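Peer 1: File structure05.txt follows (compact mmCIF, C-alpha atoms):
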```
# COMPACT_ATOMS: atom_id res chain seq x y z
CA MET C 1 -22.91 26.00 -7.17
CA ALA C 2 -21.89 25.03 -3.63
CA THR C 3 -21.41 21.42 -4.75
CA GLU C 4 -19.15 22.56 -7.58
CA ALA C 5 -17.08 24.65 -5.14
CA THR C 6 -16.80 21.69 -2.73
CA LYS C 7 -15.72 19.43 -5.62
CA ASN C 8 -13.07 21.90 -6.75
CA GLY C 9 -11.85 22.28 -3.16
CA ALA C 10 -11.50 18.51 -2.77
CA MET C 11 -9.67 18.28 -6.10
CA SER C 12 -7.19 20.97 -5.15
CA LYS C 13 -6.62 19.31 -1.75
CA ASP C 14 -5.91 15.99 -3.47
CA LEU C 15 -3.53 17.73 -5.85
CA ILE C 16 -1.65 19.37 -2.96
CA VAL C 17 -1.32 16.02 -1.17
CA TYR C 18 -0.13 14.40 -4.42
CA VAL C 19 2.57 17.05 -4.88
CA CYS C 20 3.63 16.65 -1.22
CA LEU C 21 3.95 12.88 -1.77
CA LEU C 22 6.08 13.44 -4.88
CA VAL C 23 8.33 15.84 -2.97
CA LEU C 24 8.68 13.40 -0.06
CA ALA C 25 9.51 10.56 -2.47
CA ALA C 26 12.16 12.80 -4.04
CA ILE C 27 13.57 13.51 -0.57
CA GLN C 28 13.96 9.76 -0.03
CA PHE C 29 15.99 9.53 -3.25
CA VAL C 30 18.17 12.44 -2.11
CA ILE C 31 18.75 10.80 1.28
CA ALA C 32 19.91 7.65 -0.52
CA TYR C 33 22.82 9.59 -2.04
CA GLN C 34 23.92 11.27 1.21
CA SER C 35 27.21 10.21 2.77
CA ILE C 36 25.79 9.13 6.11
CA SER C 37 25.84 5.92 8.13
CA PRO C 38 23.29 3.20 7.25
CA THR C 39 21.60 3.73 10.63
CA GLN C 40 21.14 7.45 9.98
CA MET C 41 19.96 6.72 6.44
CA PHE C 42 17.46 4.14 7.70
CA THR C 43 16.15 6.52 10.37
CA ARG C 44 15.68 9.41 7.94
CA MET C 45 14.03 7.20 5.34
CA ILE C 46 11.59 5.65 7.79
CA VAL C 47 10.59 9.10 9.07
CA VAL C 48 9.86 10.27 5.50
CA ALA C 49 8.03 7.00 4.68
CA VAL C 50 5.81 7.33 7.78
CA ILE C 51 4.95 10.94 6.84
CA GLU C 52 4.10 9.80 3.29
CA ALA C 53 1.96 6.94 4.57
CA SER C 54 0.16 9.24 7.02
CA LEU C 55 -0.71 11.69 4.24
CA ALA C 56 -2.02 8.87 2.04
CA LEU C 57 -4.05 7.38 4.90
CA LEU C 58 -5.53 10.68 6.05
CA PHE C 59 -6.37 12.27 2.72
CA PHE C 60 -6.36 9.66 -0.07
CA MET C 61 -8.03 6.99 2.08
CA HIS C 62 -10.13 9.61 3.90
CA LEU C 63 -9.31 8.49 7.43
CA ALA C 64 -9.18 12.16 8.44
CA ASP C 65 -12.98 12.22 8.03
CA ASN C 66 -13.62 9.30 10.42
CA ARG C 67 -11.86 9.72 13.76
CA GLY C 68 -13.13 6.41 15.20
CA LEU C 69 -11.88 4.33 12.27
CA LEU C 70 -8.59 6.27 12.29
CA TRP C 71 -7.91 5.28 15.91
CA PHE C 72 -8.96 1.70 15.24
CA VAL C 73 -6.55 1.38 12.29
CA VAL C 74 -3.68 3.22 14.00
CA ILE C 75 -3.87 1.45 17.36
CA PHE C 76 -4.22 -1.99 15.77
CA ASN C 77 -1.34 -1.46 13.35
CA VAL C 78 0.98 0.17 15.87
CA PHE C 79 0.43 -2.74 18.25
CA VAL C 80 1.20 -5.30 15.51
CA LEU C 81 4.22 -3.37 14.25
CA PHE C 82 5.67 -3.00 17.75
CA ALA C 83 5.10 -6.68 18.46
CA MET C 84 7.20 -7.51 15.41
CA GLN C 85 10.24 -5.66 16.73
CA TYR C 86 11.23 -8.31 19.26
CA SER C 87 13.68 -9.93 16.83
CA TRP C 88 16.04 -7.02 16.26
CA THR C 89 18.21 -7.73 19.29
CA ASP C 90 18.69 -11.26 18.01
CA SER C 91 19.80 -10.00 14.59
CA PHE C 92 22.49 -7.90 16.31
CA ARG C 93 23.54 -10.93 18.35
CA ILE C 94 24.01 -12.92 15.14
CA SER C 95 26.16 -10.23 13.51
CA ASN C 96 28.19 -9.31 16.62
CA GLY C 97 28.02 -12.03 19.21
CA VAL C 98 28.89 -15.26 17.41
CA PRO C 99 32.41 -16.61 16.79
CA TRP C 100 32.32 -15.84 13.06
CA ALA C 101 31.07 -12.26 13.56
CA LYS C 102 32.85 -9.39 11.89
CA MET D 1 -60.82 -18.44 2.20
CA SER D 2 -58.91 -18.85 5.49
CA THR D 3 -56.01 -21.36 5.71
CA THR D 4 -56.34 -21.58 9.49
CA THR D 5 -57.65 -24.87 10.82
CA PRO D 6 -60.08 -24.89 13.75
CA GLY D 7 -58.23 -24.68 17.09
CA GLU D 8 -54.98 -23.38 15.62
CA ILE D 9 -53.55 -20.39 17.39
CA THR D 10 -52.43 -17.63 15.03
CA MET D 11 -49.62 -15.38 16.16
CA PRO D 12 -49.56 -11.82 14.91
CA MET D 13 -46.49 -11.00 12.78
CA PRO D 14 -44.20 -8.51 14.52
CA ALA D 15 -44.01 -5.13 12.93
CA PRO D 16 -40.68 -4.36 11.22
CA ALA D 17 -38.25 -2.73 13.59
CA PRO D 18 -37.79 0.98 13.06
CA SER D 19 -34.38 1.95 11.74
CA SER D 20 -33.54 3.59 15.06
CA LEU D 21 -33.58 0.14 16.68
CA MET D 22 -31.23 -1.45 14.08
CA GLU D 23 -27.60 -1.91 15.04
CA LYS D 24 -25.45 0.81 13.55
CA PRO D 25 -22.47 -0.25 11.43
CA ALA D 26 -19.08 -0.11 13.13
CA PHE D 27 -17.50 3.36 12.92
CA SER D 28 -20.47 4.39 10.72
CA VAL D 29 -18.73 2.64 7.82
CA PRO D 30 -20.69 0.46 5.35
CA ALA D 31 -20.00 -3.28 5.63
CA LYS D 32 -18.13 -3.54 2.30
CA LYS D 33 -15.83 -0.67 3.21
CA MET D 34 -15.24 -2.11 6.69
CA ALA D 35 -14.35 -5.47 5.15
CA MET D 36 -11.78 -3.75 2.94
CA TRP D 37 -10.31 -1.94 5.95
CA LEU D 38 -9.99 -5.22 7.82
CA PHE D 39 -8.28 -6.75 4.77
CA ILE D 40 -5.93 -3.76 4.61
CA ILE D 41 -5.06 -4.13 8.30
CA ALA D 42 -4.33 -7.84 7.79
CA ASP D 43 -2.31 -7.16 4.65
CA THR D 44 -0.33 -4.48 6.49
CA ALA D 45 0.73 -7.18 8.95
CA THR D 46 1.74 -9.41 6.02
CA PHE D 47 3.93 -6.76 4.39
CA ALA D 48 5.29 -5.60 7.75
CA GLY D 49 6.24 -9.20 8.54
CA CYS D 50 8.07 -9.50 5.22
CA LEU D 51 9.89 -6.18 5.70
CA VAL D 52 10.86 -6.98 9.30
CA ALA D 53 12.16 -10.40 8.24
CA TYR D 54 14.09 -8.71 5.44
CA GLY D 55 15.52 -6.19 7.90
CA PHE D 56 16.54 -9.00 10.24
CA LEU D 57 18.37 -10.83 7.43
CA ARG D 58 20.02 -7.66 6.16
CA ASN D 59 21.18 -6.72 9.64
CA ALA D 60 22.51 -10.17 10.49
CA THR D 61 24.26 -10.92 7.18
CA PRO D 62 27.80 -9.57 6.85
CA ASN D 63 28.17 -9.41 3.04
CA TRP D 64 24.78 -8.00 2.09
CA PRO D 65 24.89 -6.94 -1.59
CA ARG D 66 24.22 -3.38 -2.72
CA PRO D 67 23.74 -3.96 -6.45
CA PHE D 68 21.56 -1.06 -7.58
CA HIS D 69 23.39 1.59 -9.62
CA SER D 70 20.59 3.59 -11.22
CA ILE D 71 17.43 4.96 -9.67
CA THR D 72 15.85 6.12 -12.95
CA ASN D 73 13.60 3.08 -13.38
CA LEU D 74 12.65 3.18 -9.70
CA ALA D 75 11.86 6.91 -9.83
CA VAL D 76 9.62 6.43 -12.87
CA MET D 77 7.83 3.49 -11.21
CA THR D 78 7.25 5.55 -8.05
CA PHE D 79 5.95 8.50 -10.08
CA ILE D 80 3.56 6.24 -11.99
CA LEU D 81 2.16 4.60 -8.85
CA LEU D 82 1.68 7.92 -7.03
CA THR D 83 -0.03 9.38 -10.09
CA SER D 84 -2.32 6.36 -10.30
CA SER D 85 -3.58 7.16 -6.79
CA LEU D 86 -4.56 10.64 -7.98
CA THR D 87 -6.37 9.25 -11.03
CA MET D 88 -8.18 6.76 -8.77
CA LEU D 89 -9.39 9.65 -6.59
CA ASN D 90 -10.68 11.39 -9.72
CA GLY D 91 -12.50 8.21 -10.73
CA VAL D 92 -14.24 7.88 -7.36
CA ARG D 93 -15.13 11.58 -7.40
CA ALA D 94 -16.66 11.23 -10.87
CA ALA D 95 -18.63 8.17 -9.70
CA ARG D 96 -19.93 10.08 -6.68
CA ALA D 97 -21.07 12.85 -9.03
CA GLY D 98 -22.93 10.28 -11.15
CA ASN D 99 -20.59 10.75 -14.11
CA LYS D 100 -20.35 7.13 -15.27
CA ALA D 101 -18.28 7.80 -18.40
CA GLY D 102 -15.81 9.93 -16.43
CA ALA D 103 -15.53 7.34 -13.66
CA LEU D 104 -14.85 4.57 -16.17
CA ARG D 105 -12.28 6.72 -18.00
CA TRP D 106 -10.35 7.56 -14.81
CA THR D 107 -10.55 3.97 -13.58
CA LEU D 108 -9.15 2.67 -16.87
CA ILE D 109 -6.39 5.32 -16.78
CA THR D 110 -5.53 4.06 -13.28
CA ALA D 111 -5.45 0.48 -14.59
CA ALA D 112 -3.21 1.56 -17.49
CA LEU D 113 -0.80 3.19 -15.03
CA GLY D 114 -0.83 -0.02 -13.00
CA ILE D 115 0.03 -2.01 -16.13
CA ALA D 116 2.87 0.41 -16.93
CA PHE D 117 4.18 -0.03 -13.39
CA ALA D 118 4.01 -3.83 -13.66
CA LEU D 119 5.80 -3.83 -17.04
CA LEU D 120 8.61 -1.64 -15.70
CA HIS D 121 8.85 -3.94 -12.69
CA ILE D 122 9.10 -7.03 -14.88
CA ARG D 123 11.73 -5.32 -17.06
CA GLU D 124 13.76 -4.62 -13.93
CA TRP D 125 13.44 -8.24 -12.81
CA MET D 126 14.56 -9.47 -16.25
CA ALA D 127 17.66 -7.24 -16.08
CA LEU D 128 18.52 -8.61 -12.62
CA ILE D 129 17.98 -12.21 -13.79
CA ASP D 130 20.28 -11.49 -16.76
CA GLU D 131 22.93 -10.32 -14.29
CA GLY D 132 22.69 -13.71 -12.56
CA MET D 133 20.44 -12.84 -9.62
CA THR D 134 18.06 -15.69 -8.81
CA LEU D 135 16.11 -16.71 -5.73
CA LEU D 136 19.07 -18.67 -4.37
CA LYS D 137 22.22 -16.98 -5.62
CA ASN D 138 23.64 -13.79 -7.05
CA PRO D 139 27.12 -12.66 -8.12
CA TRP D 140 27.46 -10.01 -5.38
CA GLY D 141 27.13 -11.78 -2.04
CA THR D 142 24.68 -13.71 0.05
CA GLY D 143 21.97 -15.60 -1.79
CA LEU D 144 19.42 -14.39 0.76
CA PHE D 145 19.36 -11.07 -1.05
CA GLY D 146 17.65 -12.50 -4.14
CA ALA D 147 15.18 -14.50 -2.06
CA SER D 148 14.11 -11.51 0.02
CA PHE D 149 14.12 -9.06 -2.92
CA TYR D 150 11.98 -11.23 -5.18
CA SER D 151 9.64 -12.21 -2.32
CA ILE D 152 8.85 -8.66 -1.24
CA THR D 153 8.70 -7.04 -4.68
CA GLY D 154 6.86 -10.11 -6.01
CA LEU D 155 4.23 -9.86 -3.29
CA HIS D 156 3.76 -6.20 -4.12
CA LEU D 157 3.63 -6.90 -7.86
CA THR D 158 0.98 -9.56 -7.20
CA HIS D 159 -1.09 -6.94 -5.40
CA VAL D 160 -0.67 -4.50 -8.31
CA THR D 161 -1.67 -7.17 -10.85
CA GLY D 162 -4.73 -8.15 -8.82
CA GLY D 163 -5.61 -4.48 -8.46
CA VAL D 164 -5.38 -3.87 -12.20
CA ILE D 165 -7.71 -6.79 -12.93
CA ALA D 166 -10.14 -5.57 -10.25
CA LEU D 167 -10.02 -2.00 -11.62
CA ILE D 168 -10.96 -3.16 -15.11
CA VAL D 169 -13.71 -5.51 -13.91
CA VAL D 170 -15.25 -3.12 -11.36
CA GLY D 171 -14.92 -0.14 -13.73
CA LEU D 172 -16.77 -1.95 -16.53
CA ARG D 173 -19.42 -3.34 -14.19
CA TYR D 174 -19.93 0.11 -12.68
CA LYS D 175 -20.51 1.48 -16.18
CA GLY D 176 -22.90 -1.40 -16.86
CA GLY D 177 -24.87 -0.62 -13.71
CA ARG D 178 -24.02 -3.75 -11.71
CA TYR D 179 -21.77 -1.91 -9.26
CA ASN D 180 -22.17 1.52 -7.71
CA ALA D 181 -19.90 4.36 -6.58
CA ASP D 182 -19.40 2.69 -3.17
CA ASP D 183 -17.84 -0.35 -4.86
CA LEU D 184 -15.46 1.90 -6.77
CA GLU D 185 -14.54 3.70 -3.54
CA VAL D 186 -13.81 0.39 -1.79
CA LEU D 187 -11.53 -0.61 -4.66
CA GLY D 188 -9.90 2.82 -4.42
CA LEU D 189 -8.97 2.06 -0.80
CA TYR D 190 -7.17 -1.08 -1.97
CA TRP D 191 -5.34 0.79 -4.71
CA HIS D 192 -4.16 3.52 -2.30
CA PHE D 193 -2.96 0.78 0.05
CA VAL D 194 -0.83 -0.75 -2.74
CA ASP D 195 0.64 2.72 -3.26
CA LEU D 196 1.24 3.10 0.49
CA VAL D 197 3.16 -0.18 0.70
CA TRP D 198 5.42 0.94 -2.14
CA MET D 199 6.41 3.96 -0.01
CA PHE D 200 8.11 1.51 2.37
CA VAL D 201 9.41 -0.96 -0.21
CA VAL D 202 11.31 1.75 -2.13
CA PRO D 203 13.55 2.96 0.72
CA PHE D 204 14.15 -0.37 2.43
CA VAL D 205 14.52 -2.76 -0.48
CA TYR D 206 15.99 -0.43 -3.12
CA LEU D 207 17.47 2.80 -1.77
CA LEU D 208 19.29 1.23 1.19
CA ASN D 209 20.93 -1.13 -1.32
CA LEU D 210 22.24 1.51 -3.71
CA ALA D 211 25.85 1.01 -4.74
CA HIS D 212 27.91 4.04 -3.69
```
Render the structure in this file as structure tokens.

Peer 2:
Amino acid sequence: MATEATKNGAMSKDLIVYVCLLVLAAIQFVIAYQSISPTQMFTRMIVVAVIEASLALLFFMHLADNRGLLWFVVIFNVFVLFAMQYSWTDSFRISNGVPWAK
Amino acid sequence: MSTTTPGEITMPMPAPAPSSLMEKPAFSVPAKKMAMWLFIIADTATFAGCLVAYGFLRNATPNWPRPFHSITNLAVMTFILLTSSLTMLNGVRAARAGNKAGALRWTLITAALGIAFALLHIREWMALIDEGMTLLKNPWGTGLFGASFYSITGLHLTHVTGGVIALIVVGLRYKGGRYNADDLEVLGLYWHFVDLVWMFVVPFVYLLNLAH
């Protein structure tokens, strides 16, 4: 009986997360049609994408149940992702700082 | 009859170590699951590298094309992939409950959704190729667009295709008794990761390139 209740609880939690992901995906599509600058659009979309990814990681991939593994995955990935950002300044230099720039 | 020769020293065999003395798995995660997590971390770096390189090119290229007019196909693909994550969860749950038929059914439904996603993806590619978009050139602007678009979506499509094959193989072998619920759960991690990557590909590769 208790097992059945636990199973139903887990199913309903998965369903709630699934609906949240659908709503967040829909929000991304709405943002795409807003009349805002590309920078604003990018910022809003990345915020929504990170929330979506967090929900999937925590509940679909069950990282919420294992705090140690959660920190391992998050710290490792955040470090790698931050390390990859060194090139952005150079991309701005190419578009703005060279003789043929706009 | 003893096999010991005269004068030979016999050493007593050590008793097996009690489980309390065995090294515990990292983060209390079984080895197979840990291996999948390490693969996922490495693959995250691969996709992140591709997306950062794409962002660099997009930022630094003046006439970046924005060719996408309709989001219908993209919305359907996203819906299918998100739904496939839910069906995968149901499959793993059925496997944990010992329901082999249910686990196989949900796993095959997940694979079918993956196939539907791949077919829609290929249809989209064919339409873009018909419009003249190739790896090196397109009618709208810089040729880098086609190269980056096909590279990123192609890498993701490769993951989906590999996942579909794995779902069918592991699902059938689970039903046949060769694999257990843990194997299905490990595969589920991979499938959710493919879904997770799509959450970043959609906004950056498609939605930021919508024609207004």

Peer 1: With only C-alpha atoms considered, list every residue of chain C at most 7 Å from chain D, as a PyMOL selection string.

Peer 2: chain C and resi 18+28+32+45+49+53+56+60-61+68-69+73+77+80-81+88+91-92+94-95

Peer 1: Pull C-alpha atoms from the residues just selected and write them as a compact mmCIF listing (two decimals), in the frame of the given file.

Peer 2:
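Writing done, so here's out_16.txt:
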```txt
# COMPACT_ATOMS: atom_id res chain seq x y z
CA TYR C 18 -0.13 14.40 -4.42
CA GLN C 28 13.96 9.76 -0.03
CA ALA C 32 19.91 7.65 -0.52
CA MET C 45 14.03 7.20 5.34
CA ALA C 49 8.03 7.00 4.68
CA ALA C 53 1.96 6.94 4.57
CA ALA C 56 -2.02 8.87 2.04
CA PHE C 60 -6.36 9.66 -0.07
CA MET C 61 -8.03 6.99 2.08
CA GLY C 68 -13.13 6.41 15.20
CA LEU C 69 -11.88 4.33 12.27
CA VAL C 73 -6.55 1.38 12.29
CA ASN C 77 -1.34 -1.46 13.35
CA VAL C 80 1.20 -5.30 15.51
CA LEU C 81 4.22 -3.37 14.25
CA TRP C 88 16.04 -7.02 16.26
CA SER C 91 19.80 -10.00 14.59
CA PHE C 92 22.49 -7.90 16.31
CA ILE C 94 24.01 -12.92 15.14
CA SER C 95 26.16 -10.23 13.51
```

Peer 1: May I have the protein, DNA and RNA residues with an atom at most 12 Å from (-20.0, 21.2, -8.4), counting only C-alpha atoms in the file's coordinates, returned as a list of chain:residue names?

Peer 2: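 Result, sorted by chain then residue number: C:Met1, C:Ala2, C:Thr3, C:Glu4, C:Ala5, C:Thr6, C:Lys7, C:Asn8, C:Gly9, C:Ala10, C:Met11, D:Arg93, D:Ala94, D:Arg96, D:Ala97, D:Gly98, D:Asn99.
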
Peer 1: Okay, now the selection with C-alpha atoms, as a CSV table (one decimal), keeping the file's coordinate frame?

Peer 2:
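Saved the output as again22.csv:
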```
chain,number,residue,atom,x,y,z
C,1,MET,CA,-22.9,26.0,-7.2
C,2,ALA,CA,-21.9,25.0,-3.6
C,3,THR,CA,-21.4,21.4,-4.8
C,4,GLU,CA,-19.2,22.6,-7.6
C,5,ALA,CA,-17.1,24.6,-5.1
C,6,THR,CA,-16.8,21.7,-2.7
C,7,LYS,CA,-15.7,19.4,-5.6
C,8,ASN,CA,-13.1,21.9,-6.8
C,9,GLY,CA,-11.8,22.3,-3.2
C,10,ALA,CA,-11.5,18.5,-2.8
C,11,MET,CA,-9.7,18.3,-6.1
D,93,ARG,CA,-15.1,11.6,-7.4
D,94,ALA,CA,-16.7,11.2,-10.9
D,96,ARG,CA,-19.9,10.1,-6.7
D,97,ALA,CA,-21.1,12.8,-9.0
D,98,GLY,CA,-22.9,10.3,-11.2
D,99,ASN,CA,-20.6,10.8,-14.1
```

Peer 1: Would you work out the distance separating CA of Ala103 (chain D) from CA of Leu55 (chain C), expressed in Å to one decimal?

Peer 2: 23.6 Å

Peer 1: What does the distance between CA of Phe72 (chain C) and CA of Leu187 (chain D) come to in Å, to one decimal place?

Peer 2: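 Computing the Euclidean distance for CA of Phe72 (chain C) and CA of Leu187 (chain D) yields 20.2 Å.
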
Peer 1: For CA of Arg66 (chain D) and CA of Trp140 (chain D), determine how far apart the two atoms are, in Å to one decimal place.

Peer 2: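 Here the two named atoms are 7.8 Å from each other.
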